[in-house]
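Below: target38.cif (mmCIF, C-alpha atoms)
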```cif
data_start
loop_
_atom_site.label_atom_id
_atom_site.label_comp_id
_atom_site.auth_asym_id
_atom_site.auth_seq_id
_atom_site.Cartn_x
_atom_site.Cartn_y
_atom_site.Cartn_z
CA MET A 15 31.30 182.50 -149.47
CA ASN A 16 29.62 179.33 -148.24
CA LYS A 17 29.50 178.59 -144.55
CA PRO A 18 31.90 175.78 -143.67
CA GLU A 19 30.05 172.49 -143.30
CA ARG A 20 30.40 170.31 -140.23
CA LYS A 21 30.25 166.60 -141.07
CA SER A 22 28.34 164.13 -138.98
CA VAL A 23 31.31 162.24 -137.64
CA ASP A 24 31.77 158.69 -136.46
CA LEU A 25 33.91 159.75 -133.52
CA ASP A 26 35.24 156.25 -132.88
CA LYS A 27 37.02 156.39 -136.26
CA VAL A 28 39.04 159.51 -135.48
CA PRO A 29 42.62 158.57 -134.48
CA GLU A 30 43.80 159.77 -131.06
CA HIS A 31 46.80 161.49 -132.64
CA THR A 32 44.43 163.57 -134.74
CA ILE A 33 42.73 164.80 -131.57
CA SER A 34 46.09 165.77 -130.06
CA ARG A 35 47.00 167.65 -133.23
CA LEU A 36 43.66 169.53 -133.14
CA SER A 37 44.91 170.98 -129.85
CA LEU A 38 48.10 172.14 -131.56
CA TYR A 39 46.15 173.68 -134.44
CA LEU A 40 43.92 175.46 -131.93
CA ARG A 41 47.01 176.85 -130.20
CA GLY A 42 48.29 178.08 -133.57
CA LEU A 43 44.95 179.67 -134.45
CA ASN A 44 44.73 181.44 -131.08
CA TYR A 45 48.18 182.85 -131.70
CA LEU A 46 47.35 183.98 -135.25
CA GLU A 47 44.13 185.60 -134.06
CA GLU A 48 46.11 187.58 -131.43
CA GLN A 49 48.40 188.73 -134.25
CA GLY A 50 45.37 189.95 -136.22
CA VAL A 51 45.63 187.32 -138.99
CA LEU A 52 42.19 186.74 -140.61
CA THR A 53 42.77 183.82 -143.00
CA VAL A 54 45.52 181.22 -143.19
CA SER A 55 46.41 178.39 -145.60
CA SER A 56 47.25 174.90 -144.33
CA GLU A 57 50.78 175.49 -145.74
CA ALA A 58 51.20 178.69 -143.70
CA LEU A 59 49.80 177.00 -140.55
CA ALA A 60 52.24 174.15 -141.14
CA ARG A 61 55.24 176.44 -141.67
CA HIS A 62 54.48 178.55 -138.61
CA PHE A 63 54.24 175.65 -136.23
CA GLY A 64 56.58 173.01 -137.63
CA LEU A 65 53.64 170.83 -138.71
CA ASN A 66 52.71 169.09 -141.97
CA ALA A 67 50.20 170.74 -144.37
CA ALA A 68 48.86 167.47 -145.82
CA GLN A 69 48.39 166.13 -142.29
CA ILE A 70 46.52 169.27 -141.24
CA ARG A 71 44.12 168.93 -144.20
CA LYS A 72 43.62 165.23 -143.52
CA ASP A 73 42.99 165.77 -139.80
CA LEU A 74 40.43 168.51 -140.43
CA ALA A 75 38.69 166.46 -143.13
CA TYR A 76 37.45 164.03 -140.44
CA PHE A 77 35.17 166.80 -139.18
CA GLY A 78 34.11 168.73 -142.25
CA ASP A 79 35.13 170.87 -145.18
CA PHE A 80 36.48 173.99 -143.51
CA GLY A 81 38.82 175.66 -145.99
CA VAL A 82 38.04 177.71 -149.10
CA ARG A 83 40.17 176.75 -152.11
CA GLY A 84 42.70 179.47 -152.92
CA VAL A 85 41.82 181.43 -149.75
CA GLY A 86 42.53 179.06 -146.90
CA TYR A 87 40.87 178.90 -143.51
CA ASN A 88 39.04 181.72 -141.75
CA VAL A 89 41.05 181.87 -138.51
CA ILE A 90 38.22 182.72 -136.11
CA GLU A 91 35.69 180.32 -137.68
CA LEU A 92 38.10 177.41 -137.71
CA ARG A 93 39.09 178.14 -134.12
CA GLU A 94 35.46 178.05 -132.99
CA HIS A 95 34.90 174.80 -134.88
CA LEU A 96 37.91 173.23 -133.20
CA ARG A 97 36.72 174.44 -129.79
CA ASP A 98 33.33 172.84 -130.47
CA ILE A 99 34.88 169.59 -131.68
CA LEU A 100 37.10 169.41 -128.59
CA GLY A 101 34.16 170.19 -126.30
CA LEU A 102 35.85 173.33 -124.96
CA ASN A 103 32.67 175.38 -125.14
CA ARG A 104 31.17 173.14 -122.46
CA ASN A 105 31.97 172.89 -118.77
CA TRP A 106 33.10 169.73 -117.01
CA ARG A 107 32.95 168.99 -113.31
CA VAL A 108 36.26 167.75 -111.99
CA ALA A 109 37.48 166.25 -108.69
CA LEU A 110 41.09 166.69 -107.58
CA PHE A 111 42.58 163.83 -105.55
CA GLY A 112 45.57 164.75 -103.38
CA LEU A 113 46.53 168.15 -101.99
CA GLY A 114 50.32 167.92 -101.89
CA ASN A 115 52.63 170.36 -103.71
CA LEU A 116 51.49 169.29 -107.15
CA GLY A 117 47.79 169.30 -106.26
CA ARG A 118 48.07 172.82 -104.83
CA ALA A 119 49.99 173.94 -107.90
CA LEU A 120 47.31 172.56 -110.21
CA LEU A 121 44.57 174.36 -108.26
CA SER A 122 46.14 177.65 -109.34
CA TYR A 123 46.75 176.51 -112.93
CA ARG A 124 44.45 178.58 -115.13
CA GLY A 125 44.66 176.12 -118.04
CA PHE A 126 41.99 173.97 -116.37
CA SER A 127 39.28 176.62 -116.37
CA LYS A 128 40.35 177.75 -119.87
CA ALA A 129 39.63 174.20 -121.06
CA GLY A 130 36.24 174.31 -119.27
CA PHE A 131 37.34 172.09 -116.36
CA ASN A 132 35.93 173.32 -113.05
CA ILE A 133 37.33 171.73 -109.93
CA ALA A 134 34.26 171.07 -107.77
CA VAL A 135 35.81 169.15 -104.89
CA VAL A 136 39.18 168.09 -103.48
CA PHE A 137 39.70 164.70 -101.81
CA GLU A 138 42.54 164.19 -99.32
CA ALA A 139 43.71 161.33 -97.11
CA SER A 140 45.27 163.48 -94.35
CA PRO A 141 42.72 164.36 -91.62
CA GLU A 142 44.67 167.58 -90.83
CA ILE A 143 44.24 168.84 -94.39
CA VAL A 144 40.58 167.76 -94.53
CA ALA A 145 40.04 169.73 -91.29
CA GLN A 146 40.90 172.96 -93.17
CA GLY A 147 37.47 172.54 -94.79
CA GLU A 148 38.19 174.27 -98.08
CA ILE A 149 40.87 175.80 -100.34
CA HIS A 150 40.15 178.77 -102.65
CA GLY A 151 36.47 178.14 -101.87
CA ILE A 152 36.59 174.50 -103.00
CA PRO A 153 35.51 171.95 -100.36
CA ILE A 154 38.11 169.43 -99.11
CA ARG A 155 36.61 166.04 -98.25
CA PRO A 156 38.04 162.79 -96.85
CA ILE A 157 39.06 160.45 -99.63
CA ASP A 158 36.87 157.62 -98.31
CA GLN A 159 33.78 159.72 -99.08
CA ALA A 160 34.69 159.95 -102.78
CA LYS A 161 32.61 156.98 -103.92
CA GLN A 162 29.49 158.52 -102.41
CA LEU A 163 30.17 162.17 -103.30
CA LEU A 164 31.37 161.81 -106.90
CA PRO A 165 27.94 160.84 -108.31
CA GLU A 166 26.14 163.31 -106.00
CA LEU A 167 28.33 166.16 -107.32
CA GLY A 168 28.03 165.00 -110.93
CA VAL A 169 31.82 164.72 -111.32
CA GLN A 170 32.89 163.68 -114.85
CA MET A 171 36.67 163.67 -114.54
CA ALA A 172 39.23 162.98 -111.81
CA ILE A 173 42.72 164.44 -111.51
CA LEU A 174 45.04 162.19 -109.51
CA THR A 175 48.04 163.68 -107.69
CA VAL A 176 48.09 161.04 -104.95
CA PRO A 177 51.26 159.04 -104.13
CA ALA A 178 52.11 156.18 -106.50
CA THR A 179 51.31 153.61 -103.81
CA ALA A 180 47.70 154.89 -103.56
CA ALA A 181 47.01 155.72 -107.22
CA GLN A 182 45.62 152.39 -108.44
CA GLU A 183 43.24 152.04 -105.48
CA VAL A 184 41.97 155.60 -105.89
CA ALA A 185 41.56 155.09 -109.65
CA ASN A 186 39.51 151.93 -109.01
CA SER A 187 37.12 153.70 -106.65
CA VAL A 188 36.76 156.63 -109.06
CA VAL A 189 35.82 154.24 -111.87
CA GLU A 190 33.39 152.36 -109.60
CA ALA A 191 31.73 155.71 -108.89
CA GLY A 192 31.04 156.13 -112.61
CA VAL A 193 33.71 158.68 -113.56
CA GLY A 194 34.81 158.10 -117.18
CA ALA A 195 38.01 160.15 -117.52
CA ILE A 196 41.19 160.43 -115.46
CA LEU A 197 44.16 162.78 -115.70
CA ASN A 198 46.91 160.92 -113.86
CA PHE A 199 49.96 162.65 -112.40
CA ALA A 200 50.97 159.68 -110.24
CA PRO A 201 54.18 158.14 -111.59
CA LEU A 202 52.69 154.72 -112.28
CA PRO A 203 50.75 153.26 -115.21
CA LEU A 204 47.13 152.61 -114.16
CA GLN A 205 45.35 149.36 -115.01
CA LEU A 206 41.77 150.31 -115.91
CA PRO A 207 38.92 149.07 -118.11
CA PRO A 208 39.41 150.07 -121.78
CA GLU A 209 36.34 152.37 -121.84
CA ILE A 210 37.94 154.68 -119.24
CA LYS A 211 39.88 157.53 -120.85
CA VAL A 212 43.20 158.10 -119.11
CA ARG A 213 45.94 160.61 -119.85
CA SER A 214 49.12 160.41 -117.82
CA VAL A 215 51.50 163.30 -117.25
CA ASP A 216 54.78 162.00 -115.90
CA LEU A 217 57.15 164.90 -115.25
CA THR A 218 59.69 162.49 -113.82
CA VAL A 219 60.01 160.54 -117.06
CA ASN A 220 60.68 163.79 -118.94
CA LEU A 221 63.25 164.90 -116.36
CA GLU A 222 65.03 161.57 -116.33
CA ASN A 223 65.10 161.56 -120.12
CA LEU A 224 66.87 164.91 -120.11
CA SER A 225 69.18 163.75 -117.34
CA TYR A 226 70.13 160.72 -119.46
CA PHE A 227 70.93 162.85 -122.49
CA LEU A 228 72.95 165.34 -120.45
CA HIS A 229 74.78 162.47 -118.79
CA SER A 230 75.54 160.64 -122.05
CA SER A 231 76.64 163.66 -124.10
CA MET B 24 76.73 135.09 -107.21
CA ASN B 25 78.57 137.20 -109.79
CA LYS B 26 78.35 140.98 -109.73
CA PRO B 27 76.15 142.26 -112.57
CA GLU B 28 78.31 143.51 -115.44
CA ARG B 29 77.81 146.95 -116.94
CA LYS B 30 78.44 146.98 -120.69
CA SER B 31 80.30 149.76 -122.42
CA VAL B 32 77.37 151.21 -124.32
CA ASP B 33 77.17 153.14 -127.57
CA LEU B 34 74.59 155.51 -126.17
CA ASP B 35 73.54 156.85 -129.57
CA LYS B 36 72.19 153.38 -130.40
CA VAL B 37 69.78 153.22 -127.44
CA PRO B 38 66.21 154.08 -128.58
CA GLU B 39 64.55 157.01 -126.82
CA HIS B 40 61.59 154.81 -125.85
CA THR B 41 63.97 152.52 -124.01
CA ILE B 42 65.18 155.48 -121.95
CA SER B 43 61.59 156.41 -121.09
CA ARG B 44 60.88 152.83 -120.04
CA LEU B 45 63.98 152.78 -117.82
CA SER B 46 62.23 155.55 -115.86
CA LEU B 47 59.16 153.34 -115.48
CA TYR B 48 61.27 150.37 -114.38
CA LEU B 49 63.02 152.60 -111.85
CA ARG B 50 59.61 153.70 -110.52
CA GLY B 51 58.64 150.04 -110.19
CA LEU B 52 61.87 149.09 -108.44
CA ASN B 53 61.53 151.99 -105.97
CA TYR B 54 58.05 150.75 -105.14
CA LEU B 55 59.18 147.12 -104.72
CA GLU B 56 62.06 148.21 -102.51
CA GLU B 57 59.63 150.14 -100.26
CA GLN B 58 57.57 146.94 -100.02
CA GLY B 59 60.65 145.02 -98.90
CA VAL B 60 60.98 142.92 -102.06
CA LEU B 61 64.61 141.78 -102.56
CA THR B 62 64.60 140.07 -105.97
CA VAL B 63 62.16 140.21 -108.85
CA SER B 64 61.83 138.45 -112.22
CA SER B 65 61.19 140.39 -115.44
CA GLU B 66 57.83 138.55 -115.59
CA ALA B 67 56.84 139.78 -112.12
CA LEU B 68 58.02 143.34 -112.91
CA ALA B 69 55.96 143.20 -116.10
CA ARG B 70 52.83 141.89 -114.33
CA HIS B 71 53.03 144.47 -111.54
CA PHE B 72 53.29 147.46 -113.84
CA GLY B 73 51.39 146.49 -116.97
CA LEU B 74 54.63 146.17 -118.96
CA ASN B 75 56.09 143.48 -121.23
CA ALA B 76 58.67 141.01 -119.84
CA ALA B 77 60.50 140.49 -123.16
CA GLN B 78 60.68 144.25 -123.65
CA ILE B 79 62.09 144.72 -120.14
CA ARG B 80 64.84 142.14 -120.81
CA LYS B 81 65.65 143.69 -124.21
CA ASP B 82 65.78 147.24 -122.80
CA LEU B 83 68.11 146.25 -119.96
CA ALA B 84 70.34 144.24 -122.32
CA TYR B 85 71.49 147.52 -123.94
CA PHE B 86 73.32 148.33 -120.72
CA GLY B 87 74.55 145.02 -119.38
CA ASP B 88 73.70 141.62 -118.02
CA PHE B 89 71.84 142.41 -114.82
CA GLY B 90 69.66 139.41 -114.01
CA VAL B 91 70.55 136.01 -112.59
CA ARG B 92 68.91 133.07 -114.39
CA GLY B 93 66.22 131.46 -112.24
CA VAL B 94 66.50 134.17 -109.57
CA GLY B 95 65.74 137.42 -111.38
CA TYR B 96 67.01 140.88 -110.61
CA ASN B 97 68.35 142.11 -107.29
CA VAL B 98 65.96 145.03 -106.69
CA ILE B 99 68.42 147.43 -105.01
CA GLU B 100 71.32 146.68 -107.37
CA LEU B 101 69.24 147.08 -110.49
CA ARG B 102 67.76 150.31 -109.13
CA GLU B 103 71.23 151.76 -108.54
CA HIS B 104 72.35 150.70 -112.03
CA LEU B 105 69.33 152.42 -113.56
CA ARG B 106 69.99 155.56 -111.50
CA ASP B 107 73.58 155.57 -112.80
CA ILE B 108 72.52 155.01 -116.40
CA LEU B 109 69.97 157.84 -116.18
CA GLY B 110 72.55 160.16 -114.58
CA LEU B 111 70.42 160.59 -111.44
CA ASN B 112 73.38 160.25 -109.09
CA ARG B 113 74.78 163.50 -110.52
CA ASN B 114 73.59 167.08 -110.07
CA TRP B 115 72.55 169.43 -112.89
CA ARG B 116 72.32 173.19 -112.79
CA VAL B 117 68.99 174.44 -114.10
CA ALA B 118 67.55 177.85 -115.00
CA LEU B 119 63.81 178.51 -114.77
CA PHE B 120 62.36 180.97 -117.27
CA GLY B 121 59.07 182.59 -116.28
CA LEU B 122 57.62 183.05 -112.79
CA GLY B 123 53.88 182.86 -113.45
CA ASN B 124 51.58 180.32 -111.76
CA LEU B 125 53.22 177.33 -113.40
CA GLY B 126 56.77 178.56 -112.76
CA ARG B 127 55.98 179.10 -109.06
CA ALA B 128 54.35 175.70 -108.89
CA LEU B 129 57.43 174.03 -110.40
CA LEU B 130 59.71 175.77 -107.89
CA SER B 131 57.98 173.84 -105.14
CA TYR B 132 57.92 170.55 -107.09
CA ARG B 133 60.27 168.19 -105.30
CA GLY B 134 60.66 165.89 -108.31
CA PHE B 135 63.31 168.24 -109.72
CA SER B 136 65.73 167.89 -106.83
CA LYS B 137 64.97 164.15 -106.60
CA ALA B 138 66.18 163.86 -110.22
CA GLY B 139 69.30 165.90 -109.33
CA PHE B 140 68.07 169.11 -110.97
CA ASN B 141 68.94 172.17 -108.90
CA ILE B 142 67.32 175.43 -109.93
CA ALA B 143 70.18 177.96 -109.73
CA VAL B 144 68.47 181.05 -111.17
CA VAL B 145 65.07 182.32 -112.29
CA PHE B 146 64.69 184.67 -115.29
CA GLU B 147 61.64 186.93 -115.58
CA ALA B 148 60.49 189.62 -118.02
CA SER B 149 58.41 191.64 -115.53
CA PRO B 150 60.53 194.34 -113.78
CA GLU B 151 58.19 194.20 -110.72
CA ILE B 152 58.92 190.50 -110.21
CA VAL B 153 62.66 190.95 -110.85
CA ALA B 154 62.63 193.70 -108.19
CA GLN B 155 61.68 191.08 -105.56
CA GLY B 156 65.31 189.91 -105.91
CA GLU B 157 64.82 186.27 -105.00
CA ILE B 158 62.30 183.48 -104.36
CA HIS B 159 62.98 180.64 -101.88
CA GLY B 160 66.60 181.91 -101.87
CA ILE B 161 66.96 181.59 -105.67
CA PRO B 162 67.97 184.83 -107.44
CA ILE B 163 65.48 186.36 -109.93
CA ARG B 164 67.20 188.11 -112.86
CA PRO B 165 65.92 190.06 -115.88
CA ILE B 166 65.47 187.80 -118.87
CA ASP B 167 67.75 189.94 -121.06
CA GLN B 168 70.69 188.99 -118.82
CA ALA B 169 70.20 185.27 -119.50
CA LYS B 170 72.69 185.04 -122.37
CA GLN B 171 75.45 186.44 -120.17
CA LEU B 172 74.53 184.70 -116.91
CA LEU B 173 73.79 181.18 -118.19
CA PRO B 174 77.45 180.36 -119.03
CA GLU B 175 78.71 182.20 -115.91
CA LEU B 176 76.45 180.09 -113.70
CA GLY B 177 77.27 176.88 -115.56
CA VAL B 178 73.61 176.20 -116.35
CA GLN B 179 73.08 172.92 -118.25
CA MET B 180 69.30 172.86 -118.65
CA ALA B 181 66.50 175.41 -119.04
CA ILE B 182 62.87 175.05 -117.98
CA LEU B 183 60.54 177.28 -120.01
CA THR B 184 57.22 178.40 -118.53
CA VAL B 185 57.08 181.67 -120.51
CA PRO B 186 54.03 182.60 -122.66
CA ALA B 187 53.76 180.86 -126.05
CA THR B 188 54.48 184.13 -127.85
CA ALA B 189 57.88 184.43 -126.12
CA ALA B 190 58.92 180.77 -126.03
CA GLN B 191 60.79 180.47 -129.36
CA GLU B 192 62.82 183.64 -128.78
CA VAL B 193 63.77 182.56 -125.25
CA ALA B 194 64.68 179.07 -126.50
CA ASN B 195 66.94 180.60 -129.19
CA SER B 196 68.86 182.71 -126.68
CA VAL B 197 69.19 179.74 -124.30
CA VAL B 198 70.69 177.66 -127.11
CA GLU B 199 73.03 180.51 -128.16
CA ALA B 200 74.24 180.62 -124.55
CA GLY B 201 75.33 176.97 -124.88
CA VAL B 202 72.56 175.22 -122.91
CA GLY B 203 71.97 171.74 -124.39
CA ALA B 204 68.66 170.65 -122.86
CA ILE B 205 65.23 172.27 -122.54
CA LEU B 206 62.11 171.22 -120.66
CA ASN B 207 59.34 173.15 -122.41
CA PHE B 208 55.97 173.88 -120.78
CA ALA B 209 55.00 176.55 -123.34
CA PRO B 210 52.12 175.27 -125.50
CA LEU B 211 54.02 175.55 -128.80
CA PRO B 212 56.43 173.20 -130.59
CA LEU B 213 59.95 174.72 -130.55
CA GLN B 214 62.12 174.79 -133.66
CA LEU B 215 65.66 174.05 -132.51
CA PRO B 216 68.87 172.48 -133.84
CA PRO B 217 68.73 168.65 -133.71
CA GLU B 218 71.55 168.37 -131.14
CA ILE B 219 69.45 170.22 -128.54
CA LYS B 220 67.46 167.83 -126.34
CA VAL B 221 63.91 169.05 -125.82
CA ARG B 222 61.05 167.53 -123.86
CA SER B 223 57.68 169.22 -124.00
CA VAL B 224 54.98 168.89 -121.35
CA ASP B 225 51.70 170.19 -122.71
CA LEU B 226 49.01 169.92 -120.05
CA THR B 227 46.56 171.62 -122.37
CA VAL B 228 46.81 168.88 -125.00
CA ASN B 229 46.07 166.28 -122.34
CA LEU B 230 43.12 168.27 -121.00
CA GLU B 231 41.65 168.90 -124.45
CA ASN B 232 42.05 165.23 -125.29
CA LEU B 233 39.98 164.30 -122.25
CA SER B 234 37.49 167.02 -123.05
CA TYR B 235 37.08 165.57 -126.54
CA PHE B 236 36.45 162.09 -125.20
CA LEU B 237 33.97 163.29 -122.59
CA HIS B 238 32.24 165.37 -125.25
CA SER B 239 32.05 162.57 -127.80
CA SER B 240 30.92 159.78 -125.45
#
```

Translate this file's structure into structure tokens.
Amino acid sequence: MNKPERKSVDLDKVPEHTISRLSLYLRGLNYLEEQGVLTVSSEALARHFGLNAAQIRKDLAYFGDFGVRGVGYNVIELREHLRDILGLNRNWRVALFGLGNLGRALLSYRGFSKAGFNIAVVFEASPEIVAQGEIHGIPIRPIDQAKQLLPELGVQMAILTVPATAAQEVANSVVEAGVGAILNFAPLPLQLPPEIKVRSVDLTVNLENLSYFLHSS
Amino acid sequence: MNKPERKSVDLDKVPEHTISRLSLYLRGLNYLEEQGVLTVSSEALARHFGLNAAQIRKDLAYFGDFGVRGVGYNVIELREHLRDILGLNRNWRVALFGLGNLGRALLSYRGFSKAGFNIAVVFEASPEIVAQGEIHGIPIRPIDQAKQLLPELGVQMAILTVPATAAQEVANSVVEAGVGAILNFAPLPLQLPPEIKVRSVDLTVNLENLSYFLHSS
């Protein structure tokens, strides 16, 4: 059996939805590996996870020729390829902004370290919280030191759990400090230069959506 | 000045994206109200929050005729109308499934009660955790009692933070117990009847997306 070939990829040409689906495929492959499954066809992957087989083949084709005709994909090999493509076998230095309920919750969320995101520093506006010095061994610093400390600490991504009224200002200073990616939990769309990668998680929108459907049914 | 008129609305005809944008408009109006702004035009709303003025007018037109020509929207009135439309002035009984890190974090997330979601019961698989009896005054019950207790407690929505391997089975039993809405944090798409309203929050997909962009840039 030939080793699967990784293509040299023009990453700008890969659609964002493909990247999101790679995460779903990876989830599926992790699950199959736990169940002891060794090889899987795109049809079986699709059936298992409510996805589309043609779409799976097309998404993977951006990155190489991974399957073996008539056999399917080797589960462990494909998983490792997807982890490489997604950059999950590397570590990223992350700064958390805001240590309210959500910020504290995220500090104990193991999904961050599983994805290779290591929280190196926490920034807070409240002097009382900064005075605690650290949380779970991570230093807490005043938010007005962020611009200086972010480059010194080599931070590559910022997680924002600050209040909506502060989010845009904090995002601006993060970008000025050279950080290229933001995970935004503040319930407000951020206005940032197009080269900055932003993902927003708005629990409230999801909750209000469900409230609407309960209310209207 | 005339009172804004609420239309009688065929709610099945309102696009889901409109409902999500109503949440954003509500966020914007809350912010403007805190800043002491009394009236606002759709253009100003759009500029403030990176939205589209024509889209704002079209979205609101599904529900009634809220603005006054040449004046704009009364901030407090429009906010209360949006809260009514989204069902946020009502209370919903919610069951939380799974008391791991994320489940515990969500218990202290104040956004739930702000949206009128009251967590009435927690279901857990681990006998040790069930033996604690309660958390923050909310009873913890074994997960195999859910089917019986959900209707007894009048639960209308379930929040799933169980492991991916358990999520589909738990979702099935929730649906069999007559619950019509699910907020899913398990990293797996759920296969459910079309009349069940599901919103999925997958932090991992967002993290891996950012990892990919950091990795590829």

Would you tabulate, counting all atoms listed in the file, all residues of chain A that have an atom at most 7 Å from an atom of chain B, showing the closest pair of atoms and their distance in Å to one decimal, sorted by chain then ascending number, as a Markdown table?
```
| residue | atom | partner | partner_atom | distance |
| --- | --- | --- | --- | --- |
| A:Leu25 | CA | B:Ser239 | CA | 6.6 |
| A:Ile33 | CA | B:Asn232 | CA | 6.3 |
| A:Ser34 | CA | B:Val228 | CA | 6.0 |
| A:Ser37 | CA | B:Val228 | CA | 5.6 |
| A:Phe63 | CA | B:Pro212 | CA | 6.5 |
| A:Ile99 | CA | B:Tyr235 | CA | 6.9 |
| A:Leu100 | CA | B:Tyr235 | CA | 4.4 |
| A:Gly101 | CA | B:His238 | CA | 5.3 |
| A:Leu102 | CA | B:Ser234 | CA | 6.8 |
| A:Asn115 | CA | B:Tyr132 | CA | 6.3 |
| A:Leu116 | CA | B:Tyr132 | CA | 6.6 |
| A:Ala119 | CA | B:Ala128 | CA | 4.8 |
| A:Ser122 | CA | B:Asn124 | CA | 6.5 |
| A:Tyr123 | CA | B:Asn124 | CA | 6.3 |
| A:Gly125 | CA | B:Thr227 | CA | 6.5 |
| A:Ala129 | CA | B:Glu231 | CA | 6.6 |
| A:Ala195 | CA | B:Leu233 | CA | 6.6 |
| A:Pro203 | CA | B:Phe72 | CA | 6.5 |
| A:Gln205 | CA | B:Gly73 | CA | 7.0 |
| A:Lys211 | CA | B:Leu233 | CA | 6.9 |
| A:Arg213 | CA | B:Asn229 | CA | 6.2 |
| A:Thr218 | CA | B:Gly134 | CA | 6.5 |
| A:Val219 | CA | B:Ser46 | CA | 5.6 |
| A:Asn220 | CA | B:Arg222 | CA | 6.2 |
| A:Leu221 | CA | B:Ala138 | CA | 6.9 |
| A:Glu222 | CA | B:Leu109 | CA | 6.2 |
| A:Asn223 | CA | B:Ser43 | CA | 6.3 |
| A:Leu224 | CA | B:Ala204 | CA | 6.6 |
| A:Ser225 | CA | B:Gly110 | CA | 5.6 |
| A:Tyr226 | CA | B:Leu109 | CA | 4.4 |
| A:His229 | CA | B:Gly110 | CA | 5.3 |
| A:Ser230 | CA | B:Leu34 | CA | 6.6 |
```

Write a file of the just-selected residues containing C-alpha atoms, as a PDB file, in the frame of the given file.
```
ATOM      1  CA  LEU A  25      33.910 159.750-133.520  1.00  0.00           C
ATOM      2  CA  ILE A  33      42.730 164.800-131.570  1.00  0.00           C
ATOM      3  CA  SER A  34      46.090 165.770-130.060  1.00  0.00           C
ATOM      4  CA  SER A  37      44.910 170.980-129.850  1.00  0.00           C
ATOM      5  CA  PHE A  63      54.240 175.650-136.230  1.00  0.00           C
ATOM      6  CA  ILE A  99      34.880 169.590-131.680  1.00  0.00           C
ATOM      7  CA  LEU A 100      37.100 169.410-128.590  1.00  0.00           C
ATOM      8  CA  GLY A 101      34.160 170.190-126.300  1.00  0.00           C
ATOM      9  CA  LEU A 102      35.850 173.330-124.960  1.00  0.00           C
ATOM     10  CA  ASN A 115      52.630 170.360-103.710  1.00  0.00           C
ATOM     11  CA  LEU A 116      51.490 169.290-107.150  1.00  0.00           C
ATOM     12  CA  ALA A 119      49.990 173.940-107.900  1.00  0.00           C
ATOM     13  CA  SER A 122      46.140 177.650-109.340  1.00  0.00           C
ATOM     14  CA  TYR A 123      46.750 176.510-112.930  1.00  0.00           C
ATOM     15  CA  GLY A 125      44.660 176.120-118.040  1.00  0.00           C
ATOM     16  CA  ALA A 129      39.630 174.200-121.060  1.00  0.00           C
ATOM     17  CA  ALA A 195      38.010 160.150-117.520  1.00  0.00           C
ATOM     18  CA  PRO A 203      50.750 153.260-115.210  1.00  0.00           C
ATOM     19  CA  GLN A 205      45.350 149.360-115.010  1.00  0.00           C
ATOM     20  CA  LYS A 211      39.880 157.530-120.850  1.00  0.00           C
ATOM     21  CA  ARG A 213      45.940 160.610-119.850  1.00  0.00           C
ATOM     22  CA  THR A 218      59.690 162.490-113.820  1.00  0.00           C
ATOM     23  CA  VAL A 219      60.010 160.540-117.060  1.00  0.00           C
ATOM     24  CA  ASN A 220      60.680 163.790-118.940  1.00  0.00           C
ATOM     25  CA  LEU A 221      63.250 164.900-116.360  1.00  0.00           C
ATOM     26  CA  GLU A 222      65.030 161.570-116.330  1.00  0.00           C
ATOM     27  CA  ASN A 223      65.100 161.560-120.120  1.00  0.00           C
ATOM     28  CA  LEU A 224      66.870 164.910-120.110  1.00  0.00           C
ATOM     29  CA  SER A 225      69.180 163.750-117.340  1.00  0.00           C
ATOM     30  CA  TYR A 226      70.130 160.720-119.460  1.00  0.00           C
ATOM     31  CA  HIS A 229      74.780 162.470-118.790  1.00  0.00           C
ATOM     32  CA  SER A 230      75.540 160.640-122.050  1.00  0.00           C
TER      33      SER A 230
END
```

Given only C-alpha atoms as the counted atoms, nearest of A:Lys72, A:Lys27, A:Arg93, A:Arg107 to Leu164 (chain A) | A:Arg107

Between CA of Ile157 (chain A) and CA of Ala172 (chain A), measure the distance and give it in Å to one decimal.
->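 Going from CA of Ile157 (chain A) over to CA of Ala172 (chain A) covers 12.4 Å.
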
Ground truth for the PyMOL selection byres ((chain A and resi 144) around 12), written as a list of chain:residue names =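 After applying the PyMOL selection byres ((chain A and resi 144) around 12), what remains is A:Phe111, A:Gly112, A:Leu113, A:Val135, A:Val136, A:Phe137, A:Glu138, A:Ala139, A:Ser140, A:Pro141, A:Glu142, A:Ile143, A:Ala145, A:Gln146, A:Gly147, A:Glu148, A:Ile149, A:Ile152, A:Pro153, A:Ile154, A:Arg155, A:Pro156, A:Ile157, A:Asp158, A:Gln159.
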
Taking the file as shown, what set of residues would the PyMOL selection byres ((chain B and resi 90-100) around 6) give back, as a ChimeraX atom specification?
-> /B:61-64,89,101-103

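Rounded to one decimal, CA of Ser196 (chain B) and CA of Pro38 (chain B) lie 28.8 Å from each other.
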
Work out how far apart CA of Arg70 (chain B) and CA of Pro208 (chain A) are and give it in Å to one decimal.
->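 Between these atoms lies a distance of 17.4 Å.
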
Please enclose the listed atoms of region 141-152 of chain B in an axis-aligned box, pad each side by 6 Å, and write out the centre and the three edge lengths in Å, rounded to one decimal, as JSON.
```
{"center_x": 64.2, "center_y": 183.3, "center_z": -113.5, "size_x": 24.0, "size_y": 34.2, "size_z": 21.1}
```
